[in-house]
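Reproduced below: model.pdb, with PDB, C-alpha atoms and all ligand atoms.
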```pdb
ATOM      1  CA  MET A   1       0.000   0.000   0.000
ATOM      2  CA  GLU A   2       1.349   3.434  -0.917
ATOM      3  CA  ARG A   3       0.911   6.590   1.139
ATOM      4  CA  ILE A   4       2.629   9.313  -0.815
ATOM      5  CA  VAL A   5       3.595  12.951  -0.435
ATOM      6  CA  ILE A   6       4.659  14.700  -3.641
ATOM      7  CA  LEU A   7       6.769  17.830  -3.268
ATOM      8  CA  GLY A   8       8.106  20.292  -5.791
ATOM      9  CA  PRO A   9       7.920  23.946  -6.804
ATOM     10  CA  PRO A  10       4.958  25.483  -8.637
ATOM     11  CA  GLY A  11       5.291  24.792 -12.348
ATOM     12  CA  ALA A  12       7.186  21.504 -11.823
ATOM     13  CA  GLY A  13       4.318  19.436 -13.220
ATOM     14  CA  LYS A  14       3.317  17.981  -9.837
ATOM     15  CA  GLY A  15      -0.423  18.073 -10.472
ATOM     16  CA  THR A  16      -0.187  16.216 -13.786
ATOM     17  CA  GLN A  17       2.146  13.551 -12.438
ATOM     18  CA  ALA A  18       0.134  13.202  -9.236
ATOM     19  CA  LEU A  19      -3.049  12.425 -11.190
ATOM     20  CA  LEU A  20      -1.307   9.859 -13.400
ATOM     21  CA  LEU A  21       0.268   8.148 -10.408
ATOM     22  CA  CYS A  22      -3.027   8.017  -8.492
ATOM     23  CA  GLU A  23      -4.717   6.420 -11.476
ATOM     24  CA  LYS A  24      -1.961   3.845 -11.764
ATOM     25  CA  LEU A  25      -1.881   2.973  -8.062
ATOM     26  CA  GLY A  26      -5.623   3.362  -7.447
ATOM     27  CA  VAL A  27      -5.219   5.750  -4.526
ATOM     28  CA  PRO A  28      -7.161   8.979  -3.902
ATOM     29  CA  HIS A  29      -5.564  12.235  -5.058
ATOM     30  CA  ILE A  30      -5.706  14.786  -2.261
ATOM     31  CA  SER A  31      -4.850  18.225  -3.610
ATOM     32  CA  THR A  32      -5.311  21.065  -1.138
ATOM     33  CA  GLY A  33      -5.165  23.542  -4.044
ATOM     34  CA  GLU A  34      -8.082  21.753  -5.724
ATOM     35  CA  ILE A  35     -10.125  21.548  -2.501
ATOM     36  CA  LEU A  36      -9.553  25.283  -1.985
ATOM     37  CA  ARG A  37     -10.386  26.175  -5.613
ATOM     38  CA  ASN A  38     -13.679  24.243  -5.290
ATOM     39  CA  ALA A  39     -14.478  26.142  -2.101
ATOM     40  CA  VAL A  40     -13.752  29.422  -3.909
ATOM     41  CA  SER A  41     -16.027  28.570  -6.837
ATOM     42  CA  ASN A  42     -18.809  27.438  -4.477
ATOM     43  CA  GLU A  43     -18.360  30.691  -2.533
ATOM     44  CA  THR A  44     -18.319  28.925   0.817
ATOM     45  CA  LYS A  45     -17.025  30.643   3.953
ATOM     46  CA  LEU A  46     -13.745  28.757   3.544
ATOM     47  CA  GLY A  47     -13.556  29.797  -0.107
ATOM     48  CA  LEU A  48     -14.115  33.444   0.647
ATOM     49  CA  GLU A  49     -11.349  33.392   3.249
ATOM     50  CA  ALA A  50      -8.910  31.413   1.095
ATOM     51  CA  LYS A  51      -9.404  33.478  -2.053
ATOM     52  CA  GLN A  52      -7.639  36.577  -0.735
ATOM     53  CA  TYR A  53      -4.464  34.565  -0.136
ATOM     54  CA  MET A  54      -4.658  32.506  -3.326
ATOM     55  CA  ASP A  55      -5.144  35.556  -5.542
ATOM     56  CA  ARG A  56      -1.890  36.986  -4.229
ATOM     57  CA  GLY A  57       0.067  33.731  -4.533
ATOM     58  CA  GLU A  58       0.380  33.478  -0.761
ATOM     59  CA  LEU A  59      -0.309  30.531   1.491
ATOM     60  CA  VAL A  60      -3.657  30.038   3.175
ATOM     61  CA  PRO A  61      -3.116  29.926   6.984
ATOM     62  CA  ASP A  62      -1.815  26.618   8.329
ATOM     63  CA  GLU A  63      -4.732  25.926  10.672
ATOM     64  CA  VAL A  64      -7.209  26.211   7.766
ATOM     65  CA  VAL A  65      -5.474  23.725   5.458
ATOM     66  CA  ILE A  66      -4.486  21.370   8.283
ATOM     67  CA  GLY A  67      -8.162  21.108   9.279
ATOM     68  CA  LEU A  68      -9.134  20.272   5.685
ATOM     69  CA  VAL A  69      -6.491  17.589   5.339
ATOM     70  CA  ARG A  70      -7.302  16.049   8.718
ATOM     71  CA  GLU A  71     -10.934  15.598   7.644
ATOM     72  CA  ARG A  72     -10.069  14.293   4.204
ATOM     73  CA  LEU A  73      -7.530  11.729   5.451
ATOM     74  CA  SER A  74     -10.023  10.224   7.880
ATOM     75  CA  GLU A  75     -12.371   9.290   5.053
ATOM     76  CA  PRO A  76     -12.510   5.540   4.355
ATOM     77  CA  ASP A  77     -11.092   5.739   0.804
ATOM     78  CA  CYS A  78      -7.746   6.705   2.390
ATOM     79  CA  ASP A  79      -7.589   3.391   4.268
ATOM     80  CA  THR A  80      -5.863   1.791   1.285
ATOM     81  CA  GLY A  81      -3.454   4.635   0.532
ATOM     82  CA  TYR A  82      -3.433   8.234  -0.656
ATOM     83  CA  LEU A  83      -1.349  10.801  -2.460
ATOM     84  CA  LEU A  84      -0.981  14.279  -0.971
ATOM     85  CA  ASP A  85      -0.325  16.951  -3.595
ATOM     86  CA  GLY A  86       0.409  20.524  -2.472
ATOM     87  CA  PHE A  87       0.470  19.608   1.214
ATOM     88  CA  PRO A  88       2.481  19.961   3.426
ATOM     89  CA  ARG A  89       3.722  23.379   2.298
ATOM     90  CA  THR A  90       5.252  24.648   5.574
ATOM     91  CA  LEU A  91       7.265  23.027   8.355
ATOM     92  CA  GLU A  92       4.305  23.508  10.685
ATOM     93  CA  GLN A  93       2.041  21.595   8.273
ATOM     94  CA  ALA A  94       4.602  18.794   7.932
ATOM     95  CA  LYS A  95       4.921  18.398  11.696
ATOM     96  CA  GLU A  96       1.175  18.516  12.264
ATOM     97  CA  LEU A  97       0.628  16.012   9.442
ATOM     98  CA  ASP A  98       2.956  13.568  11.197
ATOM     99  CA  VAL A  99       0.908  13.886  14.379
ATOM    100  CA  ILE A 100      -2.392  13.325  12.516
ATOM    101  CA  LEU A 101      -1.091  10.344  10.557
ATOM    102  CA  LYS A 102       0.315   8.712  13.658
ATOM    103  CA  GLU A 103      -3.048   9.115  15.395
ATOM    104  CA  ILE A 104      -4.927   7.422  12.552
ATOM    105  CA  GLY A 105      -2.195   4.889  11.724
ATOM    106  CA  LYS A 106      -1.647   6.070   8.141
ATOM    107  CA  GLU A 107       1.983   7.199   8.114
ATOM    108  CA  VAL A 108       3.635   8.287   4.861
ATOM    109  CA  THR A 109       5.519   5.545   2.993
ATOM    110  CA  VAL A 110       7.084   7.510   0.115
ATOM    111  CA  VAL A 111       8.108  11.137  -0.344
ATOM    112  CA  LEU A 112       8.736  12.164  -3.946
ATOM    113  CA  GLU A 113      10.289  15.464  -4.948
ATOM    114  CA  LEU A 114      10.035  16.708  -8.526
ATOM    115  CA  GLN A 115      13.093  18.823  -9.228
ATOM    116  CA  VAL A 116      13.155  21.577 -11.850
ATOM    117  CA  PRO A 117      15.759  24.396 -11.979
ATOM    118  CA  GLU A 118      14.510  27.894 -11.258
ATOM    119  CA  GLN A 119      15.041  29.293 -14.789
ATOM    120  CA  ALA A 120      12.987  26.487 -16.324
ATOM    121  CA  LEU A 121      10.214  27.168 -13.798
ATOM    122  CA  LEU A 122      10.153  30.863 -14.688
ATOM    123  CA  ASP A 123       9.916  29.957 -18.392
ATOM    124  CA  ARG A 124       7.049  27.534 -17.735
ATOM    125  CA  ILE A 125       5.221  30.072 -15.586
ATOM    126  CA  LYS A 126       5.458  32.685 -18.347
ATOM    127  CA  ASN A 127       4.184  30.211 -20.947
ATOM    128  CA  ARG A 128       1.276  29.132 -18.784
ATOM    129  CA  ALA A 129       0.307  32.741 -18.134
ATOM    130  CA  ALA A 130       0.565  33.574 -21.861
ATOM    131  CA  GLU A 131      -1.620  30.587 -22.776
ATOM    132  CA  GLY A 132      -4.206  31.576 -20.152
ATOM    133  CA  SER A 133      -4.679  28.427 -18.090
ATOM    134  CA  GLY A 134      -7.922  29.758 -16.612
ATOM    135  CA  ARG A 135      -6.443  29.858 -13.112
ATOM    136  CA  SER A 136      -6.685  33.309 -11.572
ATOM    137  CA  ASP A 137      -3.288  32.781  -9.891
ATOM    138  CA  ASP A 138      -1.504  32.120 -13.194
ATOM    139  CA  ASN A 139      -0.345  35.623 -14.118
ATOM    140  CA  VAL A 140       3.396  36.263 -14.095
ATOM    141  CA  GLU A 141       3.427  38.488 -11.024
ATOM    142  CA  VAL A 142       1.386  36.127  -8.841
ATOM    143  CA  ALA A 143       3.203  33.064 -10.140
ATOM    144  CA  SER A 144       6.595  34.630  -9.333
ATOM    145  CA  ASN A 145       5.315  35.311  -5.842
ATOM    146  CA  ARG A 146       4.252  31.657  -5.549
ATOM    147  CA  LEU A 147       7.797  30.682  -6.463
ATOM    148  CA  ARG A 148       9.298  33.012  -3.827
ATOM    149  CA  VAL A 149       6.886  31.628  -1.201
ATOM    150  CA  TYR A 150       7.947  28.123  -2.220
ATOM    151  CA  TRP A 151      11.662  28.782  -1.648
ATOM    152  CA  GLU A 152      11.034  30.531   1.646
ATOM    153  CA  GLN A 153       8.379  28.338   3.227
ATOM    154  CA  THR A 154       8.079  25.022   1.384
ATOM    155  CA  ALA A 155      11.639  24.097   0.380
ATOM    156  CA  PRO A 156      12.557  23.420   4.070
ATOM    157  CA  VAL A 157       9.925  20.642   4.150
ATOM    158  CA  THR A 158      12.251  18.422   2.068
ATOM    159  CA  ALA A 159      14.992  18.684   4.693
ATOM    160  CA  TYR A 160      12.439  17.921   7.401
ATOM    161  CA  TYR A 161      11.450  14.651   5.697
ATOM    162  CA  GLU A 162      15.074  13.768   5.048
ATOM    163  CA  GLU A 163      15.594  13.610   8.804
ATOM    164  CA  HIS A 164      13.393  10.535   9.104
ATOM    165  CA  LEU A 165      12.565   9.217   5.621
ATOM    166  CA  SER A 166      14.378   9.018   2.324
ATOM    167  CA  VAL A 167      13.160  11.543  -0.228
ATOM    168  CA  GLU A 168      13.019  10.183  -3.788
ATOM    169  CA  LYS A 169      14.268  12.961  -6.051
ATOM    170  CA  VAL A 170      13.002  12.843  -9.601
ATOM    171  CA  ASP A 171      14.224  15.020 -12.477
ATOM    172  CA  GLY A 172      11.177  16.979 -13.660
ATOM    173  CA  ILE A 173      12.721  18.156 -16.943
ATOM    174  CA  GLY A 174      11.426  16.417 -20.068
ATOM    175  CA  THR A 175       8.107  15.315 -21.520
ATOM    176  CA  VAL A 176       5.212  14.217 -19.316
ATOM    177  CA  GLU A 177       5.888  10.620 -20.414
ATOM    178  CA  GLU A 178       9.585  10.801 -19.530
ATOM    179  CA  VAL A 179       8.882  12.113 -16.049
ATOM    180  CA  THR A 180       6.091   9.542 -15.524
ATOM    181  CA  GLN A 181       8.574   6.815 -16.431
ATOM    182  CA  ARG A 182      11.138   8.106 -13.895
ATOM    183  CA  ILE A 183       8.492   8.097 -11.183
ATOM    184  CA  ALA A 184       7.412   4.567 -12.128
ATOM    185  CA  GLU A 185      11.015   3.447 -11.651
ATOM    186  CA  VAL A 186      10.979   4.710  -8.060
ATOM    187  CA  PHE A 187       8.009   2.452  -7.325
ATOM    188  CA  GLU A 188       9.533  -0.524  -9.127
ATOM    189  CA  GLU A 189      12.686  -0.153  -7.010
ATOM    190  CA  SER A 190      10.739   0.170  -3.764
ATOM    191  CA  SER A 191       8.623  -2.929  -4.478
ATOM    192  CA  SER A 192      11.553  -5.148  -5.581
TER     193      SER A 192
HETATM  194  P1  LIG A 201      -1.795  24.579  -5.795
HETATM  195  O1  LIG A 201      -2.894  24.181  -6.709
HETATM  196  O2  LIG A 201      -1.314  23.435  -4.953
HETATM  197  O3  LIG A 201      -0.683  25.291  -6.486
HETATM  198  O4  LIG A 201      -2.429  25.626  -4.762
HETATM  199  C1  LIG A 201      -2.995  26.857  -5.186
HETATM  200  C2  LIG A 201      -3.040  27.851  -4.011
HETATM  201  O5  LIG A 201      -3.823  27.302  -2.939
HETATM  202  C3  LIG A 201      -1.682  28.148  -3.376
HETATM  203  O6  LIG A 201      -0.984  29.174  -4.044
HETATM  204  C4  LIG A 201      -2.100  28.571  -1.966
HETATM  205  O7  LIG A 201      -2.614  29.882  -1.952
HETATM  206  C5  LIG A 201      -3.253  27.616  -1.682
HETATM  207  N1  LIG A 201      -2.766  26.351  -1.055
HETATM  208  C6  LIG A 201      -2.801  25.097  -1.595
HETATM  209  N2  LIG A 201      -2.270  24.203  -0.749
HETATM  210  C7  LIG A 201      -1.882  24.892   0.352
HETATM  211  C8  LIG A 201      -1.245  24.539   1.572
HETATM  212  N3  LIG A 201      -0.876  23.271   1.828
HETATM  213  N4  LIG A 201      -0.997  25.531   2.466
HETATM  214  C9  LIG A 201      -1.365  26.806   2.228
HETATM  215  N5  LIG A 201      -1.943  27.207   1.099
HETATM  216  C10 LIG A 201      -2.219  26.270   0.160
END
```
Represent the structure from my file as structure tokens, please.
Ligand code: AMP
Amino acid sequence: MERIVILGPPGAGKGTQALLLCEKLGVPHISTGEILRNAVSNETKLGLEAKQYMDRGELVPDEVVIGLVRERLSEPDCDTGYLLDGFPRTLEQAKELDVILKEIGKEVTVVLELQVPEQALLDRIKNRAAEGSGRSDDNVEVASNRLRVYWEQTAPVTAYYEEHLSVEKVDGIGTVEEVTQRIAEVFEESSS
């Protein structure tokens, strides 16, 4: 059974790879960004609060996202595994996640990190913005802010995991298929 956290900067292709991997392994895809975007479009209280942060490329407060993830992970479909995409994004979230998972007996088995150099990320961000992805946080200014927030607040999460788990680093440069293949190899190695 796989219980996965996927890490990586915005623009690294995490979302795409996360979906493909979930399909392959048959585990639920838990994306905090997607949960928050749904709340925004449904104009719930959570959505209205989250939107102000998301529109600026900043992080929604820890206690808000931690509460969401706690609820989601206790649902029965997570009994046979899960993949967390976009969470944890701060050290506080990572530590709190460990506490929650210990409580419910669903500790992480694999941490993947998609690695893409900064210049390539900036190029991708500009392309996405130019193509108009439909996401309100995909303009160059907001996306650059997301990148800065990543280096400041999320990059330290990798080092946190490295203290007690091995982090599988995957080169995120190449076609979707190439990256998918590299990720598949991680799982082949861990099951052999
Ligand atoms: P994503 O789709 O993962 O890039 O998330 C889009 C936006 O949702 C982020 O820029 C944040 O504003 C917010 N968000 C998603 N996940 C988290 C999280 N774990 N902690 C705080 N904010 C989050």
Using all atoms listed in the file, find each residue with an atom at most 7 Å away from ligand LIG 201 (chain A) and format the answer as a list in words.
Pro10, Ser31, Thr32, Gly33, Glu34, Leu36, Tyr53, Met54, Gly57, Glu58, Leu59, Val60, Pro61, Asp62, Val65, Asp85, Gly86, Phe87, Pro88, Arg89 and Arg146 of chain A
Any chance you can output those residues with C-alpha atoms as a short mmCIF file (atom, residue, chain, number, x, y, z; two decimals), in the frame of the given file?
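This went into selection_29.cif:
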```cif
data_model
loop_
_atom_site.label_atom_id
_atom_site.label_comp_id
_atom_site.auth_asym_id
_atom_site.auth_seq_id
_atom_site.Cartn_x
_atom_site.Cartn_y
_atom_site.Cartn_z
CA PRO A 10 4.96 25.48 -8.64
CA SER A 31 -4.85 18.23 -3.61
CA THR A 32 -5.31 21.06 -1.14
CA GLY A 33 -5.16 23.54 -4.04
CA GLU A 34 -8.08 21.75 -5.72
CA LEU A 36 -9.55 25.28 -1.98
CA TYR A 53 -4.46 34.56 -0.14
CA MET A 54 -4.66 32.51 -3.33
CA GLY A 57 0.07 33.73 -4.53
CA GLU A 58 0.38 33.48 -0.76
CA LEU A 59 -0.31 30.53 1.49
CA VAL A 60 -3.66 30.04 3.18
CA PRO A 61 -3.12 29.93 6.98
CA ASP A 62 -1.82 26.62 8.33
CA VAL A 65 -5.47 23.72 5.46
CA ASP A 85 -0.32 16.95 -3.60
CA GLY A 86 0.41 20.52 -2.47
CA PHE A 87 0.47 19.61 1.21
CA PRO A 88 2.48 19.96 3.43
CA ARG A 89 3.72 23.38 2.30
CA ARG A 146 4.25 31.66 -5.55
#
```
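Of note, atom CA of A:Gly47 and atom CA of A:Leu122 are spaced 27.9 Å apart.
Shortest atom-to-atom contact with A:Ser74 among A:Pro117, A:Gly8, A:Gly105, A:Gly174: A:Gly105, counting all atoms listed in the file.
Candidate residues A:Val69, A:Arg56, A:Glu107, A:Gln115 were compared for distance to A:Arg148, and the nearest is A:Arg56, using all atoms listed in the file.
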Using the chain letters and residue numbers of this document, give as a PyMOL selection string the residues selected by the PyMOL selection byres (((chain A and resi 109) around 6) and not hetatm).
chain A and resi 3+108+110
Smallest atom-to-atom distance to A:Gly15: which of A:Ala184, A:Val40, A:Val176, A:Val157, using all atoms listed in the file?
A:Val176
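This file, filtered with the PyMOL selection byres (((chain A and resi 24) around 12) and not hetatm), gives the residues A:Glu2, A:Gln17, A:Ala18, A:Leu19, A:Leu20, A:Leu21, A:Cys22, A:Glu23, A:Leu25, A:Gly26, A:Val27, A:Pro28, A:His29, A:Leu83, A:Thr180, A:Gln181, A:Ile183, A:Ala184, A:Phe187.
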Expressed in Å, the length from atom CA of A:Asp55 to atom CA of A:Asn139 is 9.8 Å
Taking the file above as input, evaluate the PyMOL selection byres (((chain A and resi 113) around 8) and not hetatm) and report the hits as a ChimeraX atom specification.
/A:6-8,111-112,114-115,158,167-170
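If you measure from each of A:Leu84, A:Pro9, A:Met1, A:Lys14 to A:Asn145 using all atoms listed in the file, the closest one turns out to be A:Pro9.
Shortest separation to A:Val186 among A:Asp77, A:Asp171, A:Glu49, A:Asp137 occurs at residue A:Asp171, atoms counted being all atoms listed in the file.
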Calculated over all atoms listed in the file, which of the candidates A:Arg70, A:Leu46, A:Gly172, A:Thr80 has the smallest distance to A:Lys102?
A:Arg70
Output: stretch 5-29 of chain A of the preceding structure, restricted to N, CA and C atoms, written as a PDB file, in the first residue's frame.
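Now in part.pdb:
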```pdb
ATOM      1  N   VAL A   5       3.592  11.487  -0.413  1.00  0.00           N
ATOM      2  CA  VAL A   5       3.595  12.951  -0.435  1.00  0.00           C
ATOM      3  C   VAL A   5       4.415  13.341  -1.658  1.00  0.00           C
ATOM      4  N   ILE A   6       3.871  14.215  -2.507  1.00  0.00           N
ATOM      5  CA  ILE A   6       4.659  14.700  -3.641  1.00  0.00           C
ATOM      6  C   ILE A   6       4.985  16.179  -3.419  1.00  0.00           C
ATOM      7  N   LEU A   7       6.283  16.472  -3.487  1.00  0.00           N
ATOM      8  CA  LEU A   7       6.769  17.830  -3.268  1.00  0.00           C
ATOM      9  C   LEU A   7       7.364  18.373  -4.566  1.00  0.00           C
ATOM     10  N   GLY A   8       7.480  19.682  -4.618  1.00  0.00           N
ATOM     11  CA  GLY A   8       8.106  20.292  -5.791  1.00  0.00           C
ATOM     12  C   GLY A   8       7.560  21.686  -5.975  1.00  0.00           C
ATOM     13  N   PRO A   9       8.339  22.553  -6.637  1.00  0.00           N
ATOM     14  CA  PRO A   9       7.920  23.946  -6.804  1.00  0.00           C
ATOM     15  C   PRO A   9       6.737  24.095  -7.752  1.00  0.00           C
ATOM     16  N   PRO A  10       6.039  25.246  -7.687  1.00  0.00           N
ATOM     17  CA  PRO A  10       4.958  25.483  -8.637  1.00  0.00           C
ATOM     18  C   PRO A  10       5.520  25.494 -10.060  1.00  0.00           C
ATOM     19  N   GLY A  11       4.822  24.843 -10.963  1.00  0.00           N
ATOM     20  CA  GLY A  11       5.291  24.792 -12.348  1.00  0.00           C
ATOM     21  C   GLY A  11       6.128  23.559 -12.631  1.00  0.00           C
ATOM     22  N   ALA A  12       6.344  22.695 -11.622  1.00  0.00           N
ATOM     23  CA  ALA A  12       7.186  21.504 -11.823  1.00  0.00           C
ATOM     24  C   ALA A  12       6.421  20.358 -12.487  1.00  0.00           C
ATOM     25  N   GLY A  13       5.102  20.510 -12.607  1.00  0.00           N
ATOM     26  CA  GLY A  13       4.318  19.436 -13.220  1.00  0.00           C
ATOM     27  C   GLY A  13       3.779  18.447 -12.199  1.00  0.00           C
ATOM     28  N   LYS A  14       3.783  18.846 -10.932  1.00  0.00           N
ATOM     29  CA  LYS A  14       3.317  17.981  -9.837  1.00  0.00           C
ATOM     30  C   LYS A  14       1.889  17.478 -10.033  1.00  0.00           C
ATOM     31  N   GLY A  15       0.996  18.417 -10.364  1.00  0.00           N
ATOM     32  CA  GLY A  15      -0.423  18.073 -10.472  1.00  0.00           C
ATOM     33  C   GLY A  15      -0.660  16.987 -11.525  1.00  0.00           C
ATOM     34  N   THR A  16      -0.035  17.178 -12.692  1.00  0.00           N
ATOM     35  CA  THR A  16      -0.187  16.216 -13.786  1.00  0.00           C
ATOM     36  C   THR A  16       0.337  14.842 -13.375  1.00  0.00           C
ATOM     37  N   GLN A  17       1.543  14.831 -12.821  1.00  0.00           N
ATOM     38  CA  GLN A  17       2.146  13.551 -12.438  1.00  0.00           C
ATOM     39  C   GLN A  17       1.384  12.905 -11.282  1.00  0.00           C
ATOM     40  N   ALA A  18       0.871  13.735 -10.384  1.00  0.00           N
ATOM     41  CA  ALA A  18       0.134  13.202  -9.236  1.00  0.00           C
ATOM     42  C   ALA A  18      -1.107  12.458  -9.728  1.00  0.00           C
ATOM     43  N   LEU A  19      -1.834  13.062 -10.677  1.00  0.00           N
ATOM     44  CA  LEU A  19      -3.049  12.425 -11.190  1.00  0.00           C
ATOM     45  C   LEU A  19      -2.738  11.097 -11.868  1.00  0.00           C
ATOM     46  N   LEU A  20      -1.671  11.088 -12.680  1.00  0.00           N
ATOM     47  CA  LEU A  20      -1.307   9.859 -13.400  1.00  0.00           C
ATOM     48  C   LEU A  20      -0.923   8.752 -12.415  1.00  0.00           C
ATOM     49  N   LEU A  21      -0.186   9.135 -11.386  1.00  0.00           N
ATOM     50  CA  LEU A  21       0.268   8.148 -10.408  1.00  0.00           C
ATOM     51  C   LEU A  21      -0.907   7.585  -9.596  1.00  0.00           C
ATOM     52  N   CYS A  22      -1.848   8.461  -9.257  1.00  0.00           N
ATOM     53  CA  CYS A  22      -3.027   8.017  -8.492  1.00  0.00           C
ATOM     54  C   CYS A  22      -3.850   7.023  -9.310  1.00  0.00           C
ATOM     55  N   GLU A  23      -3.969   7.313 -10.603  1.00  0.00           N
ATOM     56  CA  GLU A  23      -4.717   6.420 -11.476  1.00  0.00           C
ATOM     57  C   GLU A  23      -4.049   5.052 -11.518  1.00  0.00           C
ATOM     58  N   LYS A  24      -2.722   5.084 -11.650  1.00  0.00           N
ATOM     59  CA  LYS A  24      -1.961   3.845 -11.764  1.00  0.00           C
ATOM     60  C   LYS A  24      -2.032   3.016 -10.473  1.00  0.00           C
ATOM     61  N   LEU A  25      -1.931   3.700  -9.338  1.00  0.00           N
ATOM     62  CA  LEU A  25      -1.881   2.973  -8.062  1.00  0.00           C
ATOM     63  C   LEU A  25      -3.260   2.766  -7.446  1.00  0.00           C
ATOM     64  N   GLY A  26      -4.264   3.479  -7.990  1.00  0.00           N
ATOM     65  CA  GLY A  26      -5.623   3.362  -7.447  1.00  0.00           C
ATOM     66  C   GLY A  26      -5.761   3.948  -6.052  1.00  0.00           C
ATOM     67  N   VAL A  27      -5.081   5.075  -5.825  1.00  0.00           N
ATOM     68  CA  VAL A  27      -5.219   5.750  -4.526  1.00  0.00           C
ATOM     69  C   VAL A  27      -5.842   7.133  -4.741  1.00  0.00           C
ATOM     70  N   PRO A  28      -6.565   7.656  -3.732  1.00  0.00           N
ATOM     71  CA  PRO A  28      -7.161   8.979  -3.902  1.00  0.00           C
ATOM     72  C   PRO A  28      -6.124  10.101  -3.994  1.00  0.00           C
ATOM     73  N   HIS A  29      -6.431  11.076  -4.853  1.00  0.00           N
ATOM     74  CA  HIS A  29      -5.564  12.235  -5.058  1.00  0.00           C
ATOM     75  C   HIS A  29      -6.076  13.351  -4.156  1.00  0.00           C
TER      76      HIS A  29
END
```
